[in-house]
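Visitor: Contents of final.pdb (PDB, C-alpha atoms) are given next:
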ATOM      1  CA  MET A  19       0.000   0.000   0.000
ATOM      2  CA  ILE A  20       1.062   3.566  -0.565
ATOM      3  CA  GLN A  21       1.923   5.504   2.551
ATOM      4  CA  GLY A  22      -0.304   8.501   3.180
ATOM      5  CA  ILE A  23      -3.071   7.700   0.721
ATOM      6  CA  PRO A  24      -6.236   6.125   2.084
ATOM      7  CA  LEU A  25      -8.206   3.491   0.195
ATOM      8  CA  GLU A  26     -11.139   5.856  -0.319
ATOM      9  CA  HIS A  27      -9.195   8.169  -2.629
ATOM     10  CA  PHE A  28      -8.555   5.352  -5.082
ATOM     11  CA  LEU A  29     -12.193   4.332  -4.890
ATOM     12  CA  ILE A  30     -13.420   7.874  -5.538
ATOM     13  CA  VAL A  31     -11.177   8.197  -8.591
ATOM     14  CA  SER A  32     -12.368   4.900 -10.024
ATOM     15  CA  THR A  33     -16.021   5.725  -9.262
ATOM     16  CA  ILE A  34     -15.847   9.032 -11.092
ATOM     17  CA  MET A  35     -14.110   7.327 -14.007
ATOM     18  CA  PHE A  36     -16.797   4.629 -14.111
ATOM     19  CA  PHE A  37     -19.617   7.151 -14.283
ATOM     20  CA  ILE A  38     -17.804   9.255 -16.881
ATOM     21  CA  GLY A  39     -17.759   6.074 -18.949
ATOM     22  CA  VAL A  40     -21.491   5.525 -18.367
ATOM     23  CA  CYS A  41     -22.222   9.128 -19.346
ATOM     24  CA  GLY A  42     -20.152   8.779 -22.513
ATOM     25  CA  PHE A  43     -21.953   5.567 -23.401
ATOM     26  CA  ILE A  44     -25.263   7.404 -23.177
ATOM     27  CA  ILE A  45     -24.466  10.676 -24.930
ATOM     28  CA  ARG A  46     -22.281   9.433 -27.795
ATOM     29  CA  ARG A  47     -23.668   8.179 -31.075
ATOM     30  CA  ASN A  48     -20.591   6.884 -32.829
ATOM     31  CA  LEU A  49     -19.994   3.164 -32.249
ATOM     32  CA  ILE A  50     -16.228   3.502 -31.775
ATOM     33  CA  THR A  51     -16.574   6.194 -29.116
ATOM     34  CA  MET A  52     -19.124   4.025 -27.348
ATOM     35  CA  LEU A  53     -16.523   1.245 -27.396
ATOM     36  CA  MET A  54     -14.021   3.652 -25.845
ATOM     37  CA  ALA A  55     -16.502   4.437 -23.073
ATOM     38  CA  ILE A  56     -16.780   0.698 -22.377
ATOM     39  CA  GLU A  57     -13.002   0.498 -22.109
ATOM     40  CA  LEU A  58     -13.095   3.316 -19.550
ATOM     41  CA  ILE A  59     -15.657   1.400 -17.490
ATOM     42  CA  LEU A  60     -13.623  -1.821 -17.579
ATOM     43  CA  ASN A  61     -10.470   0.051 -16.650
ATOM     44  CA  SER A  62     -12.053   1.649 -13.596
ATOM     45  CA  VAL A  63     -13.283  -1.735 -12.403
ATOM     46  CA  ASN A  64      -9.742  -3.042 -12.803
ATOM     47  CA  ILE A  65      -8.398  -0.292 -10.547
ATOM     48  CA  ASN A  66     -10.984  -1.245  -7.932
ATOM     49  CA  PHE A  67      -9.995  -4.920  -7.940
ATOM     50  CA  VAL A  68      -6.277  -4.214  -7.692
ATOM     51  CA  VAL A  69      -6.652  -1.629  -4.932
ATOM     52  CA  PHE A  70      -8.930  -3.805  -2.821
ATOM     53  CA  ASN A  71      -6.433  -6.617  -3.140
ATOM     54  CA  ARG A  72      -3.492  -4.454  -2.123
ATOM     55  CA  TYR A  73      -5.144  -2.654   0.769
ATOM     56  CA  LEU A  74      -7.497  -5.207   2.328
ATOM     57  CA  TYR A  75      -5.952  -8.627   1.527
ATOM     58  CA  PRO A  76      -2.259  -8.026   0.854
ATOM     59  CA  ASP A  77      -1.315 -11.673   1.440
ATOM     60  CA  GLN A  78      -3.466 -12.996  -1.402
ATOM     61  CA  LEU A  79      -3.712 -12.374  -5.123
ATOM     62  CA  GLN A  80      -7.385 -12.735  -6.067
ATOM     63  CA  GLY A  81      -7.884  -9.144  -7.231
ATOM     64  CA  HIS A  82      -4.699  -9.250  -9.250
ATOM     65  CA  PHE A  83      -5.766 -12.346 -11.157
ATOM     66  CA  PHE A  84      -9.290 -11.086 -11.684
ATOM     67  CA  SER A  85      -7.951  -7.899 -13.255
ATOM     68  CA  LEU A  86      -5.688  -9.971 -15.476
ATOM     69  CA  PHE A  87      -8.696 -11.939 -16.692
ATOM     70  CA  ILE A  88     -10.705  -8.736 -17.178
ATOM     71  CA  VAL A  89      -7.935  -7.344 -19.371
ATOM     72  CA  GLY A  90      -8.022 -10.509 -21.475
ATOM     73  CA  ILE A  91     -11.792 -10.359 -21.817
ATOM     74  CA  ALA A  92     -11.584  -6.667 -22.771
ATOM     75  CA  ALA A  93      -9.130  -7.527 -25.536
ATOM     76  CA  ALA A  94     -11.422 -10.257 -26.895
ATOM     77  CA  GLU A  95     -14.439  -7.962 -26.703
ATOM     78  CA  ALA A  96     -12.666  -5.109 -28.482
ATOM     79  CA  SER A  97     -11.511  -7.351 -31.319
ATOM     80  CA  VAL A  98     -14.997  -8.775 -31.958
ATOM     81  CA  ALA A  99     -16.629  -5.350 -31.621
ATOM     82  CA  ILE A 100     -14.235  -3.781 -34.106
ATOM     83  CA  ALA A 101     -14.814  -6.605 -36.573
ATOM     84  CA  LEU A 102     -18.567  -5.948 -36.270
ATOM     85  CA  ILE A 103     -18.061  -2.191 -36.663
ATOM     86  CA  ILE A 104     -16.026  -2.635 -39.840
ATOM     87  CA  ASN A 105     -18.679  -4.967 -41.223
ATOM     88  CA  ILE A 106     -21.421  -2.456 -40.410
ATOM     89  CA  TYR A 107     -19.418   0.281 -42.119
ATOM     90  CA  ARG A 108     -19.160  -1.836 -45.249
ATOM     91  CA  LYS A 109     -22.921  -2.273 -45.358
ATOM     92  CA  LEU A 110     -24.136   1.187 -44.265
ATOM     93  CA  GLN A 111     -21.212   3.553 -45.025
ATOM     94  CA  ASN A 112     -21.307   5.077 -41.537
ATOM     95  CA  ILE A 113     -21.178   3.862 -37.979
ATOM     96  CA  ASP A 114     -23.770   5.933 -36.176
ATOM     97  CA  VAL A 115     -25.790   3.910 -33.772
ATOM     98  CA  GLU A 116     -29.141   5.141 -35.072
ATOM     99  CA  ASN A 117     -28.573   3.433 -38.387
ATOM    100  CA  VAL A 118     -27.916   0.045 -36.870
ATOM    101  CA  ASN A 119     -31.514  -0.783 -36.137
ATOM    102  CA  GLU A 120     -31.853  -3.831 -38.309
ATOM    103  CA  LEU A 121     -29.863  -6.980 -37.717
ATOM    104  CA  ARG A 122     -30.257  -8.787 -40.985
ATOM    105  CA  PHE A 123     -27.788 -11.287 -42.224
TER     106      PHE A 123
ATOM    107  CA  MET B  23       6.717  12.061  -3.559
ATOM    108  CA  ASN B  24       4.338   9.117  -3.646
ATOM    109  CA  VAL B  25       1.413  11.297  -2.672
ATOM    110  CA  PHE B  26       2.278  13.826  -5.344
ATOM    111  CA  LEU B  27       2.549  11.096  -7.986
ATOM    112  CA  PHE B  28      -0.780   9.604  -6.941
ATOM    113  CA  TYR B  29      -2.601  12.897  -7.306
ATOM    114  CA  LEU B  30      -0.823  13.583 -10.600
ATOM    115  CA  PHE B  31      -1.955  10.232 -12.024
ATOM    116  CA  SER B  32      -5.472  10.691 -10.667
ATOM    117  CA  GLY B  33      -5.700  14.127 -12.236
ATOM    118  CA  ILE B  34      -4.530  12.784 -15.588
ATOM    119  CA  ILE B  35      -7.069   9.946 -15.366
ATOM    120  CA  LEU B  36     -10.009  12.190 -14.509
ATOM    121  CA  ILE B  37      -9.248  15.011 -16.949
ATOM    122  CA  CYS B  38      -8.387  12.749 -19.866
ATOM    123  CA  SER B  39     -11.384  10.472 -19.346
ATOM    124  CA  LEU B  40     -13.626  13.542 -19.309
ATOM    125  CA  LEU B  41     -11.971  14.755 -22.513
ATOM    126  CA  THR B  42     -12.382  11.296 -24.095
ATOM    127  CA  ILE B  43     -16.136  11.571 -23.994
ATOM    128  CA  THR B  44     -16.424  15.301 -24.701
ATOM    129  CA  THR B  45     -13.965  15.961 -27.510
ATOM    130  CA  ARG B  46     -15.475  16.333 -30.946
ATOM    131  CA  LYS B  47     -12.676  14.754 -32.952
ATOM    132  CA  ILE B  48     -12.565  10.989 -32.801
ATOM    133  CA  LEU B  49      -8.809  10.530 -33.149
ATOM    134  CA  ARG B  50      -8.244  12.892 -30.227
ATOM    135  CA  ALA B  51     -10.629  10.790 -28.171
ATOM    136  CA  ALA B  52      -8.433   7.758 -28.862
ATOM    137  CA  VAL B  53      -5.295   9.614 -27.795
ATOM    138  CA  TYR B  54      -6.951  10.793 -24.575
ATOM    139  CA  LEU B  55      -7.994   7.196 -23.910
ATOM    140  CA  LEU B  56      -4.337   6.204 -24.335
ATOM    141  CA  CYS B  57      -3.374   8.813 -21.700
ATOM    142  CA  VAL B  58      -5.941   7.365 -19.290
ATOM    143  CA  LEU B  59      -4.586   3.845 -19.765
ATOM    144  CA  LEU B  60      -0.974   4.956 -19.294
ATOM    145  CA  ALA B  61      -1.820   6.786 -16.069
ATOM    146  CA  THR B  62      -3.617   3.672 -14.839
ATOM    147  CA  ALA B  63      -0.471   1.657 -15.511
ATOM    148  CA  GLY B  64       1.389   4.213 -13.419
ATOM    149  CA  LEU B  65      -1.014   3.607 -10.541
ATOM    150  CA  TYR B  66      -0.361  -0.141 -10.786
ATOM    151  CA  PHE B  67       3.374   0.487 -10.654
ATOM    152  CA  MET B  68       2.876   2.580  -7.519
ATOM    153  CA  LEU B  69       0.936  -0.275  -5.910
ATOM    154  CA  ASN B  70       3.853  -2.667  -6.595
ATOM    155  CA  TYR B  71       2.002  -4.785  -9.139
ATOM    156  CA  GLN B  72       4.654  -4.706 -11.828
ATOM    157  CA  PHE B  73       3.266  -7.599 -13.859
ATOM    158  CA  MET B  74      -0.218  -6.089 -13.905
ATOM    159  CA  ALA B  75       1.206  -2.751 -15.036
ATOM    160  CA  ALA B  76       3.164  -4.441 -17.806
ATOM    161  CA  VAL B  77       0.042  -6.270 -18.973
ATOM    162  CA  GLN B  78      -1.836  -2.983 -18.903
ATOM    163  CA  LEU B  79       0.847  -1.305 -21.000
ATOM    164  CA  THR B  80       1.172  -4.047 -23.597
ATOM    165  CA  LEU B  81      -2.443  -5.207 -23.917
ATOM    166  CA  TYR B  82      -4.423  -2.026 -23.330
ATOM    167  CA  ALA B  83      -2.093   0.760 -24.365
ATOM    168  CA  GLY B  84      -0.334  -1.289 -26.996
ATOM    169  CA  GLY B  85      -3.050  -3.548 -28.322
ATOM    170  CA  ILE B  86      -6.511  -2.172 -27.868
ATOM    171  CA  VAL B  87      -5.662   1.479 -28.576
ATOM    172  CA  VAL B  88      -3.839   0.533 -31.766
ATOM    173  CA  LEU B  89      -6.834  -1.576 -32.799
ATOM    174  CA  ILE B  90      -9.187   1.336 -32.096
ATOM    175  CA  ILE B  91      -7.022   3.788 -34.029
ATOM    176  CA  PHE B  92      -6.875   1.395 -36.984
ATOM    177  CA  SER B  93     -10.640   1.073 -37.045
ATOM    178  CA  ILE B  94     -11.009   4.865 -36.784
ATOM    179  CA  LEU B  95      -8.766   5.279 -39.793
ATOM    180  CA  LEU B  96     -10.747   2.639 -41.673
ATOM    181  CA  THR B  97     -14.185   4.018 -40.909
ATOM    182  CA  SER B  98     -14.110   7.796 -40.441
ATOM    183  CA  HIS B  99     -12.715  10.945 -41.926
ATOM    184  CA  ILE B 100     -10.064  12.506 -39.738
ATOM    185  CA  SER B 101     -11.384  16.033 -40.075
ATOM    186  CA  HIS B 102     -14.926  14.971 -39.276
ATOM    187  CA  ARG B 103     -16.379  16.656 -36.204
ATOM    188  CA  PHE B 104     -19.220  15.203 -34.194
ATOM    189  CA  LYS B 105     -22.461  17.064 -33.922
ATOM    190  CA  HIS B 106     -23.452  18.159 -30.464
ATOM    191  CA  PRO B 107     -25.603  15.527 -28.764
ATOM    192  CA  ASP B 108     -29.327  16.083 -28.275
ATOM    193  CA  LEU B 109     -30.177  18.153 -25.266
ATOM    194  CA  VAL B 110     -32.463  15.461 -23.852
ATOM    195  CA  LYS B 111     -29.778  12.805 -24.190
ATOM    196  CA  LEU B 112     -27.180  15.116 -22.669
ATOM    197  CA  ILE B 113     -29.342  15.879 -19.642
ATOM    198  CA  MET B 114     -30.185  12.200 -19.184
ATOM    199  CA  GLY B 115     -26.549  11.090 -19.416
ATOM    200  CA  VAL B 116     -25.126  13.758 -17.141
ATOM    201  CA  SER B 117     -27.848  13.353 -14.530
ATOM    202  CA  THR B 118     -27.385   9.565 -14.534
ATOM    203  CA  ALA B 119     -23.659   9.992 -14.019
ATOM    204  CA  VAL B 120     -23.973  12.622 -11.294
ATOM    205  CA  VAL B 121     -26.661  10.813  -9.339
ATOM    206  CA  GLY B 122     -24.895   7.463  -9.634
ATOM    207  CA  ALA B 123     -21.502   8.837  -8.684
ATOM    208  CA  GLY B 124     -22.951  10.742  -5.722
ATOM    209  CA  LEU B 125     -24.746   7.653  -4.477
ATOM    210  CA  VAL B 126     -21.701   5.400  -4.769
ATOM    211  CA  ILE B 127     -19.319   7.911  -3.204
ATOM    212  CA  ALA B 128     -21.706   8.546  -0.304
ATOM    213  CA  THR B 129     -21.976   4.801   0.277
ATOM    214  CA  LEU B 130     -18.259   4.146   0.249
ATOM    215  CA  LEU B 131     -17.485   7.111   2.474
ATOM    216  CA  SER B 132     -19.977   5.908   5.056
ATOM    217  CA  HIS B 133     -18.442   2.423   5.104
ATOM    218  CA  SER B 134     -15.289   1.885   7.091
ATOM    219  CA  PHE B 135     -12.794  -0.421   5.431
ATOM    220  CA  GLN B 136     -10.471  -2.374   7.664
ATOM    221  CA  ALA B 137      -7.050  -2.558   6.164
ATOM    222  CA  GLY B 138      -5.507  -6.009   6.178
ATOM    223  CA  SER B 139      -2.669  -6.439   8.609
ATOM    224  CA  ALA B 140      -1.077  -9.436   6.951
ATOM    225  CA  PRO B 141       2.405  -8.945   5.501
ATOM    226  CA  GLU B 142       2.507  -8.064   1.845
ATOM    227  CA  LEU B 143       3.038 -10.947  -0.534
ATOM    228  CA  PRO B 144       5.874 -10.147  -2.930
ATOM    229  CA  VAL B 145       4.373 -10.382  -6.396
ATOM    230  CA  ASP B 146       7.073 -11.778  -8.599
ATOM    231  CA  MET B 147       6.754 -13.950 -11.670
ATOM    232  CA  THR B 148       7.303 -17.190  -9.746
ATOM    233  CA  VAL B 149       4.311 -16.575  -7.492
ATOM    234  CA  ILE B 150       2.105 -15.481 -10.393
ATOM    235  CA  GLY B 151       3.048 -18.425 -12.589
ATOM    236  CA  THR B 152       2.637 -20.971  -9.799
ATOM    237  CA  GLN B 153      -0.757 -19.683  -8.731
ATOM    238  CA  LEU B 154      -2.026 -19.273 -12.279
ATOM    239  CA  LEU B 155      -1.340 -22.895 -13.181
ATOM    240  CA  SER B 156      -2.008 -24.696  -9.909
ATOM    241  CA  THR B 157      -5.075 -26.712  -9.022
ATOM    242  CA  GLU B 158      -4.528 -26.420  -5.282
ATOM    243  CA  LYS B 159      -5.847 -23.742  -2.985
ATOM    244  CA  ASN B 160      -5.248 -20.281  -4.471
ATOM    245  CA  GLY B 161      -4.965 -21.843  -7.924
ATOM    246  CA  TYR B 162      -6.513 -20.287 -10.988
ATOM    247  CA  VAL B 163      -6.137 -22.944 -13.647
ATOM    248  CA  LEU B 164      -9.867 -23.105 -14.472
ATOM    249  CA  PRO B 165     -10.318 -19.420 -15.401
ATOM    250  CA  PHE B 166      -6.978 -19.614 -17.195
ATOM    251  CA  GLU B 167      -8.258 -22.413 -19.426
ATOM    252  CA  LEU B 168     -11.612 -20.681 -19.875
ATOM    253  CA  ILE B 169      -9.976 -17.482 -21.034
ATOM    254  CA  SER B 170      -7.769 -19.350 -23.472
ATOM    255  CA  ILE B 171     -10.871 -20.882 -25.061
ATOM    256  CA  LEU B 172     -12.560 -17.462 -25.048
ATOM    257  CA  LEU B 173      -9.608 -15.850 -26.809
ATOM    258  CA  LEU B 174      -9.556 -18.586 -29.440
ATOM    259  CA  ALA B 175     -13.294 -18.171 -30.031
ATOM    260  CA  ALA B 176     -12.952 -14.386 -30.252
ATOM    261  CA  MET B 177     -10.126 -14.694 -32.753
ATOM    262  CA  ILE B 178     -12.089 -17.038 -35.011
ATOM    263  CA  ALA B 179     -15.227 -14.908 -34.668
ATOM    264  CA  ALA B 180     -13.381 -11.701 -35.557
ATOM    265  CA  ILE B 181     -11.898 -13.319 -38.663
ATOM    266  CA  VAL B 182     -15.241 -14.765 -39.772
ATOM    267  CA  ILE B 183     -17.152 -11.518 -39.189
ATOM    268  CA  ALA B 184     -14.660  -9.168 -40.817
ATOM    269  CA  LYS B 185     -14.013 -11.399 -43.828
ATOM    270  CA  LYS B 186     -15.220  -9.969 -47.118
ATOM    271  CA  ASP B 187     -17.964 -11.767 -48.937
ATOM    272  CA  LYS B 188     -16.711 -13.362 -52.129
ATOM    273  CA  ASN B 189     -20.110 -13.259 -53.827
ATOM    274  CA  LYS B 190     -21.155  -9.674 -53.275
ATOM    275  CA  ASN B 191     -18.630  -7.168 -54.503
ATOM    276  CA  SER B 192     -18.818  -4.283 -52.103
ATOM    277  CA  GLU B 193     -16.873  -1.187 -53.017
ATOM    278  CA  ILE B 194     -14.853  -0.890 -49.832
TER     279      ILE B 194
END
Let me see whether you can do it: turn the structure in this file into structure tokens.

Guide:
Amino acid sequence: MIQGIPLEHFLIVSTIMFFIGVCGFIIRRNLITMLMAIELILNSVNINFVVFNRYLYPDQLQGHFFSLFIVGIAAAEASVAIALIINIYRKLQNIDVENVNELRF
Amino acid sequence: MNVFLFYLFSGIILICSLLTITTRKILRAAVYLLCVLLATAGLYFMLNYQFMAAVQLTLYAGGIVVLIIFSILLTSHISHRFKHPDLVKLIMGVSTAVVGAGLVIATLLSHSFQAGSAPELPVDMTVIGTQLLSTEKNGYVLPFELISILLLAAMIAAIVIAKKDKNKNSEI
């Protein structure tokens, strides 16, 4: 743990970051910026896991491994989402979320 | 020094994540996202999780941001600016964020966390590798295998989805 910094400061930073991500997910219309907002959300959750592990249970590694797995899942999710976005762009010529209201094959 | 660095990283995280969702140029949003991820890696370094910080740097800052920038270059014009969002949507989003953040911060400030008194486990590669591949107590071999299957499935799915159709000749 870092001397002089209480656990709550980390948690406040990650909370604000989480809700900035939620706000961006709501107000943005471009699919790629919505994906970036999701990355912000996942990143703030990662900070939470790591900080809880370091401050509350420093003799174990659960939070560390969970954040590792979250990073892996985020990579998989980003790759599939970007493949979908490129496919949508080929069909519709733009990637605004209003135009993606029909899921035909 | 540590305290100063912590507040520096936190400031970078908060300001750049706010700029990520408010800037009107999409490539700038990606660069601000990169700043957020780098500052997060700095926080992990300060907490003595070197392996986690390295994974954050290589996978997030190196992999995902490059992937996002590639897809931006493939799908948008660089000089394109976003329109301002609808007023209704803006009010809804900001009020959701403010109310949610206020609620969560009030809850966590009213709860008293008891810091663990156990000695810190040194997190070196031997410990991480042993725990990741052990089936004993504190072993994580099941999620390790699950995530390997998930990554394989995601790779195949991304290839299949993004592949061009041979029959239809699309112009892009």

Visitor: Show me as a ChimeraX atom specification the residues that reach within 12 Å of (-10.2, 12.3, -29.2), counting all atoms listed in the file and using the file's own coordinates.

Guide: /A:50-51,54-55 /B:38-58,87,90-91,94,100-104

Visitor: Within 10 Å of (4.4, 0.1, -2.7), in the coordinates the file gives, what residues turn up when you count all atoms listed in the file, written out as an MDAnalysis selection string?

Guide: (chainID A and resid 19:21 72) or (chainID B and resid 24 66:71 142)

Visitor: Apply the ChimeraX specification (/A :<7) & /B to the displayed file and report the matching residues as an MDAnalysis selection string.

Guide: chainID B and resid 25 32 36 39:40 43 69 74 86 93 97 107 111:112 115:116 119 123 127 136:138 140:143 173 176 179:180 183:184 194

Visitor: How would the residues just picked look written out with C-alpha atoms as a short mmCIF file (atom, residue, chain, number, x, y, z; two decimals), keeping the file's coordinate frame?

Guide:
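Below is the file that was written, selection05.cif:
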data_model
loop_
_atom_site.label_atom_id
_atom_site.label_comp_id
_atom_site.auth_asym_id
_atom_site.auth_seq_id
_atom_site.Cartn_x
_atom_site.Cartn_y
_atom_site.Cartn_z
CA VAL B 25 1.41 11.30 -2.67
CA SER B 32 -5.47 10.69 -10.67
CA LEU B 36 -10.01 12.19 -14.51
CA SER B 39 -11.38 10.47 -19.35
CA LEU B 40 -13.63 13.54 -19.31
CA ILE B 43 -16.14 11.57 -23.99
CA LEU B 69 0.94 -0.28 -5.91
CA MET B 74 -0.22 -6.09 -13.90
CA ILE B 86 -6.51 -2.17 -27.87
CA SER B 93 -10.64 1.07 -37.04
CA THR B 97 -14.18 4.02 -40.91
CA PRO B 107 -25.60 15.53 -28.76
CA LYS B 111 -29.78 12.80 -24.19
CA LEU B 112 -27.18 15.12 -22.67
CA GLY B 115 -26.55 11.09 -19.42
CA VAL B 116 -25.13 13.76 -17.14
CA ALA B 119 -23.66 9.99 -14.02
CA ALA B 123 -21.50 8.84 -8.68
CA ILE B 127 -19.32 7.91 -3.20
CA GLN B 136 -10.47 -2.37 7.66
CA ALA B 137 -7.05 -2.56 6.16
CA GLY B 138 -5.51 -6.01 6.18
CA ALA B 140 -1.08 -9.44 6.95
CA PRO B 141 2.40 -8.94 5.50
CA GLU B 142 2.51 -8.06 1.84
CA LEU B 143 3.04 -10.95 -0.53
CA LEU B 173 -9.61 -15.85 -26.81
CA ALA B 176 -12.95 -14.39 -30.25
CA ALA B 179 -15.23 -14.91 -34.67
CA ALA B 180 -13.38 -11.70 -35.56
CA ILE B 183 -17.15 -11.52 -39.19
CA ALA B 184 -14.66 -9.17 -40.82
CA ILE B 194 -14.85 -0.89 -49.83
#

Visitor: Please write the residues picked by the PyMOL selection byres ((chain B and resi 145-148) around 8) on this file as a list of chain:residue names.

Guide: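 Those residues are B:Asn70, B:Tyr71, B:Gln72, B:Phe73, B:Leu143, B:Pro144, B:Val149, B:Ile150, B:Gly151, B:Thr152.
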
Visitor: In Å to one decimal, how far is atom CA of Met23 of chain B from atom CA of Ala63 of chain B?

Guide: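 Computed distance, atom CA of Ala63 of chain B to atom CA of Met23 of chain B, equals 17.4 Å.
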
Visitor: If you measure from atom CA of Leu49 of chain A to atom CA of Asn117 of chain A, what distance in Å do you get, rounded to one decimal?

Guide: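 Interatomic distance here is 10.6 Å.
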
Visitor: Any chance you could work out the axis-aligned box around segment 54-67 of chain B, listed atoms only, 5 Å on each side, giving centre and edge lengths in Å to one decimal, as AutoDock Vina command-line options?

Guide:
--center_x -2.3 --center_y 5.3 --center_z -17.6 --size_x 21.4 --size_y 20.9 --size_z 24.0

Visitor: Quick one: distance from atom CA of Ala76 of chain B to atom CA of Phe135 of chain B in Å, one decimal?

Guide: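 Spanning atom CA of Ala76 of chain B to atom CA of Phe135 of chain B is a straight-line distance of 28.5 Å.
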
Visitor: Mind dumping segment 74-91 of chain A from that block, keeping N, CA and C atoms, as a JSON list (two decimals), in the first residue's frame?

Guide:
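Wrote out22.json, looks like this:
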[["chain", "number", "residue", "atom", "x", "y", "z"],
["A", 74, "LEU", "N", -6.74, -4.42, 1.36],
["A", 74, "LEU", "CA", -7.50, -5.21, 2.33],
["A", 74, "LEU", "C", -6.95, -6.61, 2.50],
["A", 75, "TYR", "N", -6.45, -7.24, 1.42],
["A", 75, "TYR", "CA", -5.95, -8.63, 1.53],
["A", 75, "TYR", "C", -4.57, -8.70, 0.90],
["A", 76, "PRO", "N", -3.57, -8.09, 1.52],
["A", 76, "PRO", "CA", -2.26, -8.03, 0.85],
["A", 76, "PRO", "C", -1.52, -9.35, 0.79],
["A", 77, "ASP", "N", -2.03, -10.39, 1.49],
["A", 77, "ASP", "CA", -1.32, -11.67, 1.44],
["A", 77, "ASP", "C", -1.89, -12.60, 0.39],
["A", 78, "GLN", "N", -2.89, -12.15, -0.36],
["A", 78, "GLN", "CA", -3.47, -13.00, -1.40],
["A", 78, "GLN", "C", -3.41, -12.27, -2.74],
["A", 79, "LEU", "N", -3.84, -12.97, -3.78],
["A", 79, "LEU", "CA", -3.71, -12.37, -5.12],
["A", 79, "LEU", "C", -5.00, -12.44, -5.94],
["A", 80, "GLN", "N", -6.14, -12.58, -5.30],
["A", 80, "GLN", "CA", -7.39, -12.73, -6.07],
["A", 80, "GLN", "C", -7.66, -11.55, -6.98],
["A", 81, "GLY", "N", -7.57, -10.33, -6.43],
["A", 81, "GLY", "CA", -7.88, -9.14, -7.23],
["A", 81, "GLY", "C", -6.95, -8.99, -8.41],
["A", 82, "HIS", "N", -5.69, -9.31, -8.18],
["A", 82, "HIS", "CA", -4.70, -9.25, -9.25],
["A", 82, "HIS", "C", -5.08, -10.16, -10.41],
["A", 83, "PHE", "N", -5.44, -11.42, -10.07],
["A", 83, "PHE", "CA", -5.77, -12.35, -11.16],
["A", 83, "PHE", "C", -7.07, -11.97, -11.83],
["A", 84, "PHE", "N", -8.04, -11.48, -11.03],
["A", 84, "PHE", "CA", -9.29, -11.09, -11.68],
["A", 84, "PHE", "C", -9.06, -9.94, -12.65],
["A", 85, "SER", "N", -8.20, -8.98, -12.29],
["A", 85, "SER", "CA", -7.95, -7.90, -13.25],
["A", 85, "SER", "C", -7.22, -8.41, -14.47],
["A", 86, "LEU", "N", -6.34, -9.38, -14.30],
["A", 86, "LEU", "CA", -5.69, -9.97, -15.48],
["A", 86, "LEU", "C", -6.73, -10.56, -16.41],
["A", 87, "PHE", "N", -7.69, -11.31, -15.83],
["A", 87, "PHE", "CA", -8.70, -11.94, -16.69],
["A", 87, "PHE", "C", -9.59, -10.89, -17.33],
["A", 88, "ILE", "N", -9.88, -9.79, -16.59],
["A", 88, "ILE", "CA", -10.71, -8.74, -17.18],
["A", 88, "ILE", "C", -10.00, -8.10, -18.36],
["A", 89, "VAL", "N", -8.67, -7.92, -18.25],
["A", 89, "VAL", "CA", -7.93, -7.34, -19.37],
["A", 89, "VAL", "C", -8.03, -8.26, -20.59],
["A", 90, "GLY", "N", -7.90, -9.57, -20.35],
["A", 90, "GLY", "CA", -8.02, -10.51, -21.47],
["A", 90, "GLY", "C", -9.38, -10.46, -22.12],
["A", 91, "ILE", "N", -10.43, -10.41, -21.28],
["A", 91, "ILE", "CA", -11.79, -10.36, -21.82],
["A", 91, "ILE", "C", -12.01, -9.05, -22.57]]
